[in-house]
Amino acid sequence: MAKKKDLKNPIVCIVAMNQNRVIGDGNDLLWHLPGDLKRLKMITMGSPLIMGRKTWDSIGRPLPGRASIVITNSLTWRAEGAIVANSFEGAVIKADEWIEINKKNGNVTIQNKIFLFGGAQIYEMGLKYCDTIEMTKVKFNAASGSKFPELEEKSWKKTKLNSFEPTANSPEFSYWNYRRII
């Protein structure tokens, strides 16, 4: 894969995780947060999303207004609405092509951003190419499951954007923006 400076479009990570870096149980999210899916849609609309096959399976369909680029080791896997890639580099190339084609077709809602969408293996592959992380931190008791990679904390400027108290239906959570500084 090319170096970060050689990327055509920036790669942004978007993730929801708990205090133990758990992002899911390998099949699904562990929590439901009011407004979080709307925020996710607002941030990612008009962009390609790079995800693993398990993340695709947990969603079960392409998300409207975005490209679903699915990385899989299988050379035969297909799903309606998925753009299949067999490597991280291949996924980035397909994301760049999707952006270029949609801009040429006059789609003004297209962003010049590619989003890492999960799961753990995809974050592990792509995080080194990201200068921005849009993070939802959830106070939720789970120690095991799929985990977000450990970050070198001193390499990131962290800004808390908003926080929400727990309710009868949802745990405490907050929105953060991380910017790479080193």
# chains A, B, ... in the order shown; residues from 1 in each chain; ligands from 1
>>> residues_around(residues="Ala79 in chain A", least_positions_apart="2", cutoff="12 Å", atoms="only C-alpha atoms", output="mmCIF file with C-alpha atoms, in the first residue's frame")
data_model
loop_
_atom_site.group_PDB
_atom_site.id
_atom_site.type_symbol
_atom_site.label_atom_id
_atom_site.label_comp_id
_atom_site.auth_asym_id
_atom_site.auth_seq_id
_atom_site.Cartn_x
_atom_site.Cartn_y
_atom_site.Cartn_z
ATOM 1 C CA ARG A 53 -17.459 -9.159 5.349
ATOM 2 C CA TRP A 56 -21.412 -6.286 5.922
ATOM 3 C CA ASP A 57 -23.244 -9.392 7.199
ATOM 4 C CA GLY A 60 -27.165 -7.041 5.693
ATOM 5 C CA ARG A 61 -27.498 -4.450 2.948
ATOM 6 C CA PRO A 62 -25.765 -1.446 1.374
ATOM 7 C CA SER A 68 -20.169 -0.420 0.602
ATOM 8 C CA ILE A 69 -16.719 -1.744 -0.208
ATOM 9 C CA VAL A 70 -16.319 -5.153 1.396
ATOM 10 C CA ILE A 71 -12.926 -6.728 1.961
ATOM 11 C CA THR A 72 -13.008 -10.515 1.926
ATOM 12 C CA THR A 76 -16.201 -16.002 -5.007
ATOM 13 C CA TRP A 77 -18.166 -14.041 -2.354
ATOM 14 C CA GLY A 81 -24.944 -3.748 -3.491
ATOM 15 C CA ALA A 82 -21.464 -4.695 -2.268
ATOM 16 C CA ILE A 83 -18.282 -3.720 -4.085
ATOM 17 C CA VAL A 84 -15.896 -6.594 -3.399
#
>>> select_by_dssp(residues="chain A", states="alpha helix (DSSP H)", output="PyMOL selection string")
chain A and resi 36-44+53-59+88-104+120-126
>>> select_by_dssp(residues="range 7-114 of chain A", states="strand (DSSP E)", output="list in words")
Ile11, Val12, Cys13, Ile14, Val15, Ala16, Met17, Asn18, Val22, Ile23, Gly24, Pro48, Leu49, Ile50, Met51, Gly52, Ala67, Ser68, Ile69, Val70, Ile71, Ala82, Ile83, Val84, Ala85 and Ile114 of chain A
>>> write_last_selection(atoms="C-alpha atoms", output="PDB file, in the first residue's frame")
ATOM      1  CA  ILE A  11      -9.184   7.953   4.977  1.00  0.00           C
ATOM      2  CA  VAL A  12     -11.208   8.698   8.106  1.00  0.00           C
ATOM      3  CA  CYS A  13     -11.973   6.138  10.784  1.00  0.00           C
ATOM      4  CA  ILE A  14     -15.456   6.025  12.290  1.00  0.00           C
ATOM      5  CA  VAL A  15     -16.038   3.794  15.308  1.00  0.00           C
ATOM      6  CA  ALA A  16     -18.187   3.230  18.391  1.00  0.00           C
ATOM      7  CA  MET A  17     -16.477   1.426  21.260  1.00  0.00           C
ATOM      8  CA  ASN A  18     -16.632   0.957  25.002  1.00  0.00           C
ATOM      9  CA  VAL A  22     -14.844  -3.448  22.453  1.00  0.00           C
ATOM     10  CA  ILE A  23     -16.683  -2.594  19.209  1.00  0.00           C
ATOM     11  CA  GLY A  24     -18.979  -5.608  18.968  1.00  0.00           C
ATOM     12  CA  PRO A  48     -17.339   5.023   0.300  1.00  0.00           C
ATOM     13  CA  LEU A  49     -17.239   2.814   3.401  1.00  0.00           C
ATOM     14  CA  ILE A  50     -14.538   0.160   3.683  1.00  0.00           C
ATOM     15  CA  MET A  51     -15.712  -2.760   5.804  1.00  0.00           C
ATOM     16  CA  GLY A  52     -15.068  -6.413   6.373  1.00  0.00           C
ATOM     17  CA  ALA A  67     -20.589   2.790  -1.400  1.00  0.00           C
ATOM     18  CA  SER A  68     -20.169  -0.420   0.602  1.00  0.00           C
ATOM     19  CA  ILE A  69     -16.719  -1.744  -0.208  1.00  0.00           C
ATOM     20  CA  VAL A  70     -16.319  -5.153   1.396  1.00  0.00           C
ATOM     21  CA  ILE A  71     -12.926  -6.728   1.961  1.00  0.00           C
ATOM     22  CA  ALA A  82     -21.464  -4.695  -2.268  1.00  0.00           C
ATOM     23  CA  ILE A  83     -18.282  -3.720  -4.085  1.00  0.00           C
ATOM     24  CA  VAL A  84     -15.896  -6.594  -3.399  1.00  0.00           C
ATOM     25  CA  ALA A  85     -12.174  -6.166  -2.750  1.00  0.00           C
ATOM     26  CA  ILE A 114     -13.067   7.308   2.489  1.00  0.00           C
TER      27      ILE A 114
END
>>> residues_around(residues="Arg66 in chain A", least_positions_apart="2", cutoff="6 Å", atoms="only C-alpha atoms", output="NGL selection string")
:A and (45-48 or 63-64)
>>> write_last_selection(atoms="N, CA, C and O atoms", output="PDB file, in the first residue's frame")
ATOM      1  N   MET A  45     -22.398  10.177   4.722  1.00  0.00           N
ATOM      2  CA  MET A  45     -23.195  10.291   3.488  1.00  0.00           C
ATOM      3  C   MET A  45     -22.332  10.806   2.336  1.00  0.00           C
ATOM      4  O   MET A  45     -21.558  11.735   2.489  1.00  0.00           O
ATOM      5  N   GLY A  46     -22.470  10.153   1.179  1.00  0.00           N
ATOM      6  CA  GLY A  46     -21.730  10.563  -0.001  1.00  0.00           C
ATOM      7  C   GLY A  46     -20.297  10.069  -0.028  1.00  0.00           C
ATOM      8  O   GLY A  46     -19.472  10.605  -0.768  1.00  0.00           O
ATOM      9  N   SER A  47     -20.000   9.042   0.769  1.00  0.00           N
ATOM     10  CA  SER A  47     -18.642   8.520   0.853  1.00  0.00           C
ATOM     11  C   SER A  47     -18.625   7.006   0.712  1.00  0.00           C
ATOM     12  O   SER A  47     -19.592   6.335   1.049  1.00  0.00           O
ATOM     13  N   PRO A  48     -17.498   6.473   0.265  1.00  0.00           N
ATOM     14  CA  PRO A  48     -17.339   5.023   0.300  1.00  0.00           C
ATOM     15  C   PRO A  48     -16.961   4.564   1.706  1.00  0.00           C
ATOM     16  O   PRO A  48     -16.210   5.238   2.404  1.00  0.00           O
ATOM     17  N   LEU A  63     -25.701   0.645   2.578  1.00  0.00           N
ATOM     18  CA  LEU A  63     -26.286   1.828   3.199  1.00  0.00           C
ATOM     19  C   LEU A  63     -26.541   2.876   2.118  1.00  0.00           C
ATOM     20  O   LEU A  63     -25.660   3.152   1.300  1.00  0.00           O
ATOM     21  N   PRO A  64     -27.734   3.439   2.071  1.00  0.00           N
ATOM     22  CA  PRO A  64     -28.092   4.390   1.006  1.00  0.00           C
ATOM     23  C   PRO A  64     -27.136   5.584   0.941  1.00  0.00           C
ATOM     24  O   PRO A  64     -26.693   6.088   1.970  1.00  0.00           O
TER      25      PRO A  64
END
>>> closest_residue(among="A:Pro166, A:Thr159, A:Ser174, A:Asn141", to="Asn20 in chain A", atoms="only C-alpha atoms")
A:Asn141
>>> residues_around(residues="range 180-182 of chain A", least_positions_apart="6", cutoff="6 Å", atoms="only C-alpha atoms", output="ChimeraX atom specification")
/A:131,155-156
>>> residues_around(residues="Glu172 in chain A", least_positions_apart="2", cutoff="9 Å", atoms="only C-alpha atoms", output="number ranges by chain")
A: 33, 137-140, 163-167, 170, 174
>>> atom_distance(atom1="CA of Glu89 in chain A", atom2="CA of Glu153 in chain A")
26.2 Å
>>> closest_residue(among="A:Ser87, A:Asn169, A:Ser58, A:Ser146", to="Met125 in chain A", atoms="only C-alpha atoms")
A:Ser87
>>> closest_residue(among="A:Leu29, A:Glu124, A:Gly35, A:Gly65", to="Asn102 in chain A", atoms="only C-alpha atoms")
A:Gly65
>>> closest_residue(among="A:Ile93, A:Ile59, A:Leu151, A:Ala142", to="Phe117 in chain A", atoms="only C-alpha atoms")
A:Ile59
>>> atom_distance(atom1="CA of Ile133 in chain A", atom2="CA of Arg21 in chain A")
13.8 Å
>>> closest_residue(among="A:Lys113, A:Leu161, A:Lys38, A:Glu80", to="Asp96 in chain A", atoms="only C-alpha atoms")
A:Lys113
>>> atom_distance(atom1="CA of Val108 in chain A", atom2="CA of Leu40 in chain A")
19.3 Å
